[in-house]
file structure12.txt (compact mmCIF, C-alpha atoms)
# COMPACT_ATOMS: atom_id res chain seq x y z
CA VAL B 120 -2.45 17.94 4.64
CA LEU B 121 -0.25 14.95 3.80
CA ILE B 122 -2.94 13.49 1.53
CA ALA B 123 -3.42 16.81 -0.31
CA MET B 124 0.35 17.29 -0.67
CA GLY B 125 0.74 13.76 -1.95
CA LEU B 126 -1.99 14.17 -4.54
CA LEU B 127 -0.56 17.52 -5.71
CA LEU B 128 2.92 16.04 -6.09
CA LEU B 129 1.49 13.08 -7.98
CA VAL B 130 -0.30 15.38 -10.42
CA ALA B 131 2.90 17.41 -10.95
CA GLY B 132 5.16 14.35 -11.29
CA SER B 133 2.77 12.62 -13.68
CA ALA B 134 2.49 15.75 -15.84
CA ILE B 135 6.30 15.95 -16.07
CA GLY B 136 6.52 12.20 -16.78
CA LEU B 137 3.81 12.26 -19.45
CA PHE B 138 4.57 15.50 -21.28
CA HIS B 139 8.10 16.62 -20.50
CA ALA B 140 10.41 13.64 -19.91
CA PRO B 141 11.85 11.95 -23.02
CA GLY B 142 10.75 8.49 -24.15
CA GLU B 143 13.09 5.56 -23.48
CA GLU B 144 15.33 4.27 -26.28
CA HIS B 145 13.76 0.80 -26.66
CA MET B 146 10.41 1.00 -24.90
CA GLY B 147 9.51 4.44 -26.24
CA ASP B 148 6.52 6.08 -24.59
CA VAL B 149 5.41 2.89 -22.82
CA GLN B 150 8.29 3.43 -20.36
CA ARG B 151 6.35 6.40 -18.91
CA ILE B 152 4.39 3.82 -16.88
CA MET B 153 7.54 3.58 -14.75
CA TYR B 154 6.79 6.97 -13.13
CA VAL B 155 3.75 5.53 -11.37
CA HIS B 156 4.76 1.86 -11.20
CA VAL B 157 8.11 2.21 -9.42
CA PRO B 158 6.92 4.72 -6.74
CA THR B 159 3.95 2.42 -6.07
CA ALA B 160 6.32 -0.53 -5.64
CA TRP B 161 8.64 1.32 -3.24
CA ASN B 162 5.79 2.59 -1.12
CA ALA B 163 3.91 -0.72 -1.05
CA MET B 164 7.07 -2.29 0.41
CA LEU B 165 7.36 0.62 2.87
CA ALA B 166 3.76 0.17 3.99
CA PHE B 167 4.38 -3.54 4.64
CA THR B 168 7.60 -2.65 6.46
CA TRP B 169 5.60 -0.25 8.66
CA ALA B 170 3.09 -3.05 9.30
CA PHE B 171 5.98 -5.37 10.23
CA PHE B 172 7.31 -2.94 12.86
CA CYS B 173 3.78 -2.37 14.18
CA ALA B 174 3.36 -6.14 14.48
CA LEU B 175 6.57 -6.37 16.52
CA ALA B 176 5.32 -3.52 18.73
CA VAL B 177 1.97 -5.31 19.23
CA LEU B 178 3.74 -8.52 20.26
CA TRP B 179 6.22 -6.73 22.48
CA ARG B 180 4.04 -4.10 24.14
CA GLY B 181 0.51 -5.46 23.63
CA SER B 182 -0.78 -2.00 22.80
CA TRP B 183 -4.12 -1.36 21.06
CA ARG B 184 -2.71 1.76 19.45
CA TRP B 185 -0.09 -0.32 17.63
CA ASP B 186 -2.79 -2.81 16.64
CA ALA B 187 -4.72 0.04 14.97
CA ARG B 188 -1.54 1.16 13.19
CA LEU B 189 -0.88 -2.42 12.10
CA GLU B 190 -4.33 -2.68 10.53
CA ALA B 191 -3.77 0.64 8.75
CA GLY B 192 -0.37 -0.40 7.38
CA ILE B 193 -1.69 -3.70 6.07
CA GLU B 194 -4.73 -2.20 4.36
CA VAL B 195 -2.82 0.62 2.66
CA GLY B 196 -0.08 -1.86 1.68
CA VAL B 197 -2.66 -4.16 0.11
CA VAL B 198 -4.17 -1.28 -1.89
CA LEU B 199 -0.73 -0.27 -3.18
CA ALA B 200 0.33 -3.86 -3.93
CA ALA B 201 -2.90 -4.53 -5.85
CA LEU B 202 -2.35 -1.32 -7.82
CA LEU B 203 1.26 -2.37 -8.42
CA CYS B 204 0.16 -5.68 -9.96
CA MET B 205 -2.34 -3.92 -12.24
CA GLN B 206 0.19 -1.34 -13.43
CA GLY B 207 2.78 -4.07 -14.00
CA SER B 208 0.30 -6.12 -15.97
CA ILE B 209 -0.53 -3.16 -18.22
CA TRP B 210 3.20 -2.50 -18.75
CA ALA B 211 3.93 -6.20 -19.40
CA ARG B 212 1.46 -6.48 -22.31
CA PRO B 213 3.30 -4.21 -24.79
CA THR B 214 6.83 -5.09 -23.59
CA TRP B 215 6.65 -8.85 -22.90
CA GLY B 216 3.61 -9.65 -25.03
CA VAL B 217 1.63 -11.09 -22.09
CA TRP B 218 -0.51 -9.62 -19.30
CA TRP B 219 0.98 -11.93 -16.69
CA ASP B 220 3.87 -14.37 -16.35
CA TRP B 221 4.80 -16.67 -13.47
CA ASP B 222 8.17 -14.99 -13.26
CA PRO B 223 9.91 -14.87 -9.83
CA ARG B 224 9.30 -11.12 -9.26
CA LEU B 225 5.65 -11.29 -10.27
CA THR B 226 5.01 -14.52 -8.37
CA THR B 227 6.59 -13.33 -5.12
CA THR B 228 4.65 -10.06 -5.38
CA ALA B 229 1.38 -11.93 -5.91
CA VAL B 230 2.16 -14.16 -2.92
CA LEU B 231 2.80 -11.03 -0.83
CA LEU B 232 -0.47 -9.44 -1.91
CA PHE B 233 -2.55 -12.54 -1.18
CA ALA B 234 -0.79 -13.16 2.15
CA PHE B 235 -1.72 -9.69 3.39
CA ILE B 236 -5.26 -9.98 1.99
CA ALA B 237 -5.52 -13.18 4.05
CA ILE B 238 -4.39 -11.28 7.16
CA LEU B 239 -7.08 -8.65 6.57
CA ALA B 240 -9.61 -11.48 6.22
CA LEU B 241 -8.32 -13.02 9.44
CA ARG B 242 -8.82 -9.70 11.25
CA HIS B 243 -12.34 -9.51 9.84
CA PHE B 244 -13.37 -12.96 11.03
CA VAL B 245 -11.84 -13.07 14.54
CA ASP B 246 -14.24 -11.47 17.04
CA ASP B 247 -11.99 -11.47 20.09
CA ALA B 248 -9.91 -8.28 19.89
CA ALA B 249 -6.93 -9.61 21.85
CA ARG B 250 -6.65 -12.79 19.79
CA ARG B 251 -7.14 -10.81 16.58
CA ALA B 252 -4.27 -8.50 17.50
CA THR B 253 -1.88 -11.32 18.41
CA TRP B 254 -2.73 -13.61 15.52
CA SER B 255 -2.55 -10.89 12.89
CA ALA B 256 0.75 -9.60 14.32
CA VAL B 257 2.29 -13.08 14.12
CA ALA B 258 0.91 -13.57 10.60
CA THR B 259 2.32 -10.20 9.55
CA VAL B 260 5.80 -11.12 10.80
CA VAL B 261 5.62 -14.40 8.84
CA ALA B 262 4.22 -12.78 5.66
CA TYR B 263 6.85 -10.04 5.77
CA ALA B 264 9.51 -12.67 5.07
CA ASP B 265 8.35 -12.42 1.44
CA VAL B 266 9.37 -8.74 1.12
CA PRO B 267 13.13 -9.41 0.79
CA LEU B 268 12.28 -12.22 -1.63
CA VAL B 269 10.35 -9.74 -3.79
CA TYR B 270 13.25 -7.30 -3.70
CA PHE B 271 16.04 -9.76 -4.48
CA SER B 272 14.07 -12.05 -6.81
CA VAL B 273 15.38 -10.22 -9.89
CA ARG B 274 18.98 -10.85 -8.76
CA TRP B 275 18.68 -14.36 -7.40
CA TRP B 276 16.69 -15.95 -10.23
CA ASN B 277 16.33 -15.60 -14.00
CA SER B 278 13.60 -13.03 -14.35
CA LEU B 279 11.85 -11.31 -17.21
CA HIS B 280 11.55 -8.32 -14.93
CA GLN B 281 14.29 -5.70 -15.11
CA MET B 282 16.65 -5.08 -12.17
CA GLN B 283 15.55 -2.76 -9.36
CA SER B 284 15.08 0.83 -10.54
CA THR B 285 17.39 3.17 -8.61
CA PRO B 286 19.06 6.48 -9.53
CA GLN B 287 22.10 4.39 -10.53
CA THR B 288 20.17 2.16 -12.94
CA VAL B 289 17.86 4.81 -14.41
CA SER B 290 18.95 7.55 -16.82
CA SER B 291 19.22 11.00 -15.20
CA ALA B 292 16.59 12.36 -17.63
CA PHE B 293 14.01 10.21 -15.83
CA HIS B 294 14.99 11.17 -12.25
CA LEU B 295 12.79 14.22 -11.73
CA PRO B 296 9.33 12.72 -12.44
CA LEU B 297 10.34 9.52 -10.66
CA ARG B 298 11.40 11.41 -7.50
CA VAL B 299 8.41 13.75 -7.49
CA ASN B 300 6.00 10.84 -7.82
CA ALA B 301 7.92 8.80 -5.23
CA PHE B 302 7.46 11.61 -2.68
CA GLY B 303 3.86 12.04 -3.84
CA VAL B 304 2.99 8.41 -3.15
CA LEU B 305 5.02 8.54 0.09
CA PHE B 306 3.07 11.53 1.45
CA LEU B 307 -0.21 10.03 0.30
CA MET B 308 0.66 6.69 1.91
CA CYS B 309 1.61 8.35 5.23
CA GLY B 310 -1.61 10.40 5.22
CA LEU B 311 -3.74 7.36 4.40
CA ILE B 312 -2.07 5.22 7.08
CA ALA B 313 -2.57 7.98 9.68
CA LEU B 314 -6.25 8.39 8.76
CA ARG B 315 -6.87 4.64 8.61
CA ALA B 316 -5.18 4.16 11.99
CA ARG B 317 -7.46 6.79 13.56
CA LEU B 318 -10.47 5.01 12.06
CA ALA B 319 -9.25 1.66 13.43
CA GLN B 320 -8.68 3.22 16.84
CA MET B 321 -12.21 4.66 16.94
CA ARG B 322 -13.65 1.26 16.07
CA LEU B 323 -11.50 -0.43 18.70
CA ARG B 324 -12.61 2.10 21.32
CA GLU B 325 -16.21 1.35 20.47
CA GLU B 326 -15.62 -2.40 20.46
CA LEU B 327 -13.81 -2.41 23.80
CA ALA B 328 -16.10 0.03 25.57
CA PRO B 329 -18.36 -1.40 28.28
CA PRO B 330 -22.06 -1.88 27.48
CA PRO B 331 -24.37 1.11 28.17
CA VAL B 332 -24.68 2.07 31.84
CA ALA B 333 -28.32 0.87 32.09
CA ALA B 334 -27.28 -2.66 31.25
CA MET B 335 -24.39 -2.66 33.70
CA PRO B 336 -24.47 -4.10 37.20
CA ALA B 337 -25.19 -1.60 39.98
CA ARG B 338 -21.54 -0.86 40.53
CA GLY B 339 -19.96 1.15 37.76
CA LEU B 340 -16.98 0.17 35.75
CA ALA B 341 -14.08 2.23 34.56
CA VAL B 342 -12.62 1.13 31.32
CA GLU B 343 -9.87 2.67 29.34
CA ALA B 344 -10.62 1.43 25.89
CA ALA B 345 -8.32 1.40 22.93
CA ARG B 346 -5.42 2.92 24.80
CA MET A 118 10.79 -7.29 -45.39
CA SER A 119 12.87 -5.64 -42.68
CA ALA A 120 13.71 -7.32 -39.39
CA PRO A 121 11.97 -6.08 -36.24
CA SER A 122 13.89 -3.17 -34.73
CA GLY A 123 13.19 -4.15 -31.10
CA VAL A 124 11.77 -0.71 -30.46
CA ILE A 125 8.19 -0.31 -29.23
CA VAL A 126 6.33 2.28 -31.28
CA GLY A 127 3.26 3.98 -29.87
CA GLY A 128 1.62 2.33 -26.89
CA TRP A 129 0.09 5.49 -25.46
CA GLU A 130 -3.13 3.56 -24.79
CA TYR A 131 -1.23 1.44 -22.25
CA VAL A 132 0.26 4.55 -20.67
CA TRP A 133 -3.16 6.18 -20.28
CA ALA A 134 -4.61 2.92 -18.97
CA ALA A 135 -1.92 2.67 -16.28
CA TYR A 136 -2.32 6.30 -15.20
CA SER A 137 -6.12 6.01 -15.21
CA VAL A 138 -6.07 2.87 -13.05
CA THR A 139 -3.63 4.59 -10.67
CA ALA A 140 -5.82 7.70 -10.37
CA ALA A 141 -9.02 5.67 -9.96
CA ILE A 142 -7.62 3.43 -7.22
CA LEU A 143 -5.78 6.11 -5.25
CA LEU A 144 -8.63 8.64 -5.43
CA GLY A 145 -11.29 5.97 -4.84
CA TYR A 146 -9.52 4.58 -1.77
CA THR A 147 -8.84 8.07 -0.39
CA ALA A 148 -12.51 9.07 -0.83
CA SER A 149 -13.77 5.83 0.72
CA LEU A 150 -11.45 6.23 3.69
CA ILE A 151 -12.54 9.83 4.30
CA ALA A 152 -16.20 8.76 4.06
CA ARG A 153 -15.68 5.86 6.49
CA TYR A 154 -13.84 8.16 8.93
CA ARG A 155 -16.57 10.80 8.80
CA GLY A 156 -19.23 8.12 9.29
CA GLU A 157 -17.43 6.77 12.34
CA ARG A 158 -17.08 10.28 13.81
CA ARG A 159 -20.79 10.94 13.30
CA LYS A 160 -21.57 7.64 15.01
CA ALA A 161 -19.33 8.52 17.95
CA ALA A 162 -20.88 11.99 18.21
CA ARG A 163 -24.39 10.47 18.37
CA GLY A 164 -23.41 8.78 21.60
CA GLY A 165 -21.02 5.97 20.80
CA ALA A 166 -18.47 4.93 23.34
CA PRO A 167 -19.15 6.15 26.87
CA GLU A 168 -16.39 8.28 28.33
CA VAL A 169 -15.73 7.06 31.86
CA THR A 170 -17.88 5.76 34.68
CA SER A 171 -16.66 5.44 38.19

call {"tool": "encode", "arguments": {"input": "structure12.txt", "output": "structure tokens"}}
result
Amino acid sequence: VLIAMGLLLLVAGSAIGLFHAPGEEHMGDVQRIMYVHVPTAWNAMLAFTWAFFCALAVLWRGSWRWDARLEAGIEVGVVLAALLCMQGSIWARPTWGVWWDWDPRLTTTAVLLFAFIAILALRHFVDDAARRATWSAVATVVAYADVPLVYFSVRWWNSLHQMQSTPQTVSSAFHLPLRVNAFGVLFLMCGLIALRARLAQMRLREELAPPPVAAMPARGLAVEAAR
Amino acid sequence: MSAPSGVIVGGWEYVWAAYSVTAAILLGYTASLIARYRGERRKAARGGAPEVTS
């Protein structure tokens, strides 16, 4: 339901942004990229924030359920952050004249993306489930330190990138498509994280389950997997 | 020759490119996730993880 609602809102918000909202004074029609770029940025940061809290829960409570949620948050965050970089690159070409620049905002975002890709790789290569959970939770807490740097980079350093887009810094004519798409990506992100967490939990249950009964010693074994 | 106005004219190809990439990635990831989830459910239904033994 969340995924369907998110997609519907995104279609509606994009239609308003493309065909109804006015062009910006200096950037003209190119500014319409903002209606997908900014909601993607907000929700990528939210997904990583969710992963951060899941990582703390894993370290504090040692729960498999939180480990599954952590994996989901990281993967969805990586998808959104990768999309964010692509959208930004497409927007940069007509406005800055380059596809990419080692500007503080872009650099810190790229570092964030690659840090979380590395954590996904770490989870892929560690076979022991308990170690995988602990190591990836610690790595997530460390990598999350980059999120405030991404956010404040446009204030702290000279940046080509504009200041953060908020209702105060964006003309009121642009609010509606921006808000509709922001909720669209938010619903979609929540639905995807929930689905991905269920998938991770099913895999964990399978991984932690005891071998088939025939291969077990004579006495049975009760295991509560992935709980 | 007039000086550049500082206003970007046109650029719809970039707008369509950004929206197309967004649609492709979000729909592609959603579809792949649903497919992976269904595959895992089928696997579990075929006799995946045992329930409980005593």

call {"tool": "residues_around", "arguments": {"input": "structure12.txt", "residues": "B:Arg212", "least_positions_apart": "5", "cutoff": "10 Å", "atoms": "all atoms listed in the file", "output": "VMD selection string"}}
result
(chain B and resid 207 217 to 219) or (chain A and resid 128 131)

call {"tool": "closest_residue", "arguments": {"input": "structure12.txt", "among": "B:Val155, B:Met282, B:Leu225, B:Leu268", "to": "chain A", "atoms": "only C-alpha atoms"}}
result
B:Val155

call {"tool": "atom_distance", "arguments": {"input": "structure12.txt", "atom1": "atom CA of A:Gly156", "atom2": "atom CA of B:Ala163"}}
result
26.8 Å

call {"tool": "residues_around", "arguments": {"input": "structure12.txt", "residues": "A:Val138", "least_positions_apart": "2", "cutoff": "12 Å", "atoms": "only C-alpha atoms", "output": "tab-separated table (two decimals) with C-alpha atoms, in the coordinates of the input"}}
result
chain	number	residue	atom	x	y	z
B	152	ILE	CA	4.39	3.82	-16.88
B	155	VAL	CA	3.75	5.53	-11.37
B	156	HIS	CA	4.76	1.86	-11.20
B	199	LEU	CA	-0.73	-0.27	-3.18
B	201	ALA	CA	-2.90	-4.53	-5.85
B	202	LEU	CA	-2.35	-1.32	-7.82
B	203	LEU	CA	1.26	-2.37	-8.42
B	204	CYS	CA	0.16	-5.68	-9.96
B	205	MET	CA	-2.34	-3.92	-12.24
B	206	GLN	CA	0.19	-1.34	-13.43
B	207	GLY	CA	2.78	-4.07	-14.00
B	208	SER	CA	0.30	-6.12	-15.97
B	209	ILE	CA	-0.53	-3.16	-18.22
A	131	TYR	CA	-1.23	1.44	-22.25
A	132	VAL	CA	0.26	4.55	-20.67
A	133	TRP	CA	-3.16	6.18	-20.28
A	134	ALA	CA	-4.61	2.92	-18.97
A	135	ALA	CA	-1.92	2.67	-16.28
A	136	TYR	CA	-2.32	6.30	-15.20
A	140	ALA	CA	-5.82	7.70	-10.37
A	141	ALA	CA	-9.02	5.67	-9.96
A	142	ILE	CA	-7.62	3.43	-7.22
A	143	LEU	CA	-5.78	6.11	-5.25
A	144	LEU	CA	-8.63	8.64	-5.43
A	145	GLY	CA	-11.29	5.97	-4.84
A	146	TYR	CA	-9.52	4.58	-1.77

call {"tool": "atom_distance", "arguments": {"input": "structure12.txt", "atom1": "atom CA of B:Leu241", "atom2": "atom CA of B:Ser272"}}
result
27.7 Å

call {"tool": "closest_atom_pairs", "arguments": {"input": "structure12.txt", "of": "chain B", "to": "chain A", "cutoff": "7 Å", "atoms": "all atoms listed in the file", "output": "CSV"}}
result
residue,atom,partner,partner_atom,distance
B:His145,CA,A:Val124,CA,4.5
B:Met146,CA,A:Ile125,CA,5.0
B:Gly147,CA,A:Ile125,CA,5.8
B:Asp148,CA,A:Trp129,CA,6.5
B:Val149,CA,A:Gly128,CA,5.6
B:Arg151,CA,A:Val132,CA,6.6
B:Ile152,CA,A:Val132,CA,5.7
B:Leu202,CA,A:Thr139,CA,6.7
B:Gln206,CA,A:Ala135,CA,5.4
B:Ile209,CA,A:Tyr131,CA,6.2
B:Trp210,CA,A:Tyr131,CA,6.9
B:Arg315,CA,A:Leu150,CA,6.9
B:Leu318,CA,A:Tyr154,CA,5.6
B:Arg324,CA,A:Ala166,CA,6.8
B:Glu325,CA,A:Ala166,CA,5.1
B:Ala328,CA,A:Ala166,CA,5.9
B:Gly339,CA,A:Ser171,CA,5.4
B:Leu340,CA,A:Thr170,CA,5.8
B:Ala341,CA,A:Thr170,CA,5.2
B:Val342,CA,A:Val169,CA,6.7

call {"tool": "build_atoms", "arguments": {"input": "structure12.txt", "residues": "stretch 138-153 of chain B", "atoms": "N, CA, C and O atoms", "output": "PDB file, in the frame of the given file"}}
result
ATOM      1  N   PHE B 138       4.443  14.485 -20.224  1.00  0.00           N
ATOM      2  CA  PHE B 138       4.570  15.500 -21.280  1.00  0.00           C
ATOM      3  C   PHE B 138       5.960  16.103 -21.436  1.00  0.00           C
ATOM      4  O   PHE B 138       6.243  16.739 -22.445  1.00  0.00           O
ATOM      5  N   HIS B 139       6.813  15.945 -20.431  1.00  0.00           N
ATOM      6  CA  HIS B 139       8.100  16.620 -20.500  1.00  0.00           C
ATOM      7  C   HIS B 139       9.276  15.646 -20.659  1.00  0.00           C
ATOM      8  O   HIS B 139      10.178  15.890 -21.466  1.00  0.00           O
ATOM      9  N   ALA B 140       9.277  14.580 -19.890  1.00  0.00           N
ATOM     10  CA  ALA B 140      10.410  13.640 -19.910  1.00  0.00           C
ATOM     11  C   ALA B 140      10.491  12.946 -21.284  1.00  0.00           C
ATOM     12  O   ALA B 140       9.466  12.718 -21.927  1.00  0.00           O
ATOM     13  N   PRO B 141      11.714  12.630 -21.719  1.00  0.00           N
ATOM     14  CA  PRO B 141      11.850  11.950 -23.020  1.00  0.00           C
ATOM     15  C   PRO B 141      11.427  10.494 -22.940  1.00  0.00           C
ATOM     16  O   PRO B 141      11.428   9.890 -21.862  1.00  0.00           O
ATOM     17  N   GLY B 142      11.064   9.915 -24.094  1.00  0.00           N
ATOM     18  CA  GLY B 142      10.750   8.490 -24.150  1.00  0.00           C
ATOM     19  C   GLY B 142      12.028   7.670 -24.034  1.00  0.00           C
ATOM     20  O   GLY B 142      13.120   8.174 -24.314  1.00  0.00           O
ATOM     21  N   GLU B 143      11.902   6.409 -23.624  1.00  0.00           N
ATOM     22  CA  GLU B 143      13.090   5.560 -23.480  1.00  0.00           C
ATOM     23  C   GLU B 143      13.499   5.006 -24.844  1.00  0.00           C
ATOM     24  O   GLU B 143      12.669   4.883 -25.755  1.00  0.00           O
ATOM     25  N   GLU B 144      14.772   4.659 -24.978  1.00  0.00           N
ATOM     26  CA  GLU B 144      15.330   4.270 -26.280  1.00  0.00           C
ATOM     27  C   GLU B 144      14.620   3.067 -26.904  1.00  0.00           C
ATOM     28  O   GLU B 144      14.330   3.062 -28.094  1.00  0.00           O
ATOM     29  N   HIS B 145      14.359   2.026 -26.113  1.00  0.00           N
ATOM     30  CA  HIS B 145      13.760   0.800 -26.660  1.00  0.00           C
ATOM     31  C   HIS B 145      12.257   0.719 -26.410  1.00  0.00           C
ATOM     32  O   HIS B 145      11.510   0.264 -27.269  1.00  0.00           O
ATOM     33  N   MET B 146      11.836   1.134 -25.237  1.00  0.00           N
ATOM     34  CA  MET B 146      10.410   1.000 -24.900  1.00  0.00           C
ATOM     35  C   MET B 146       9.588   2.189 -25.375  1.00  0.00           C
ATOM     36  O   MET B 146       8.368   2.143 -25.343  1.00  0.00           O
ATOM     37  N   GLY B 147      10.239   3.264 -25.758  1.00  0.00           N
ATOM     38  CA  GLY B 147       9.510   4.440 -26.240  1.00  0.00           C
ATOM     39  C   GLY B 147       8.640   5.036 -25.151  1.00  0.00           C
ATOM     40  O   GLY B 147       9.036   5.122 -23.987  1.00  0.00           O
ATOM     41  N   ASP B 148       7.417   5.395 -25.535  1.00  0.00           N
ATOM     42  CA  ASP B 148       6.520   6.080 -24.590  1.00  0.00           C
ATOM     43  C   ASP B 148       5.974   5.149 -23.508  1.00  0.00           C
ATOM     44  O   ASP B 148       5.578   5.611 -22.437  1.00  0.00           O
ATOM     45  N   VAL B 149       5.948   3.860 -23.792  1.00  0.00           N
ATOM     46  CA  VAL B 149       5.410   2.890 -22.820  1.00  0.00           C
ATOM     47  C   VAL B 149       6.176   2.956 -21.488  1.00  0.00           C
ATOM     48  O   VAL B 149       5.615   2.718 -20.419  1.00  0.00           O
ATOM     49  N   GLN B 150       7.455   3.352 -21.567  1.00  0.00           N
ATOM     50  CA  GLN B 150       8.290   3.430 -20.360  1.00  0.00           C
ATOM     51  C   GLN B 150       7.748   4.444 -19.356  1.00  0.00           C
ATOM     52  O   GLN B 150       8.080   4.406 -18.173  1.00  0.00           O
ATOM     53  N   ARG B 151       6.880   5.367 -19.821  1.00  0.00           N
ATOM     54  CA  ARG B 151       6.350   6.400 -18.910  1.00  0.00           C
ATOM     55  C   ARG B 151       5.518   5.773 -17.783  1.00  0.00           C
ATOM     56  O   ARG B 151       5.262   6.423 -16.772  1.00  0.00           O
ATOM     57  N   ILE B 152       5.113   4.524 -17.959  1.00  0.00           N
ATOM     58  CA  ILE B 152       4.390   3.820 -16.880  1.00  0.00           C
ATOM     59  C   ILE B 152       5.284   3.695 -15.641  1.00  0.00           C
ATOM     60  O   ILE B 152       4.800   3.644 -14.518  1.00  0.00           O
ATOM     61  N   MET B 153       6.600   3.712 -15.872  1.00  0.00           N
ATOM     62  CA  MET B 153       7.540   3.580 -14.750  1.00  0.00           C
ATOM     63  C   MET B 153       7.313   4.654 -13.679  1.00  0.00           C
ATOM     64  O   MET B 153       7.503   4.395 -12.484  1.00  0.00           O
TER      65      MET B 153
END
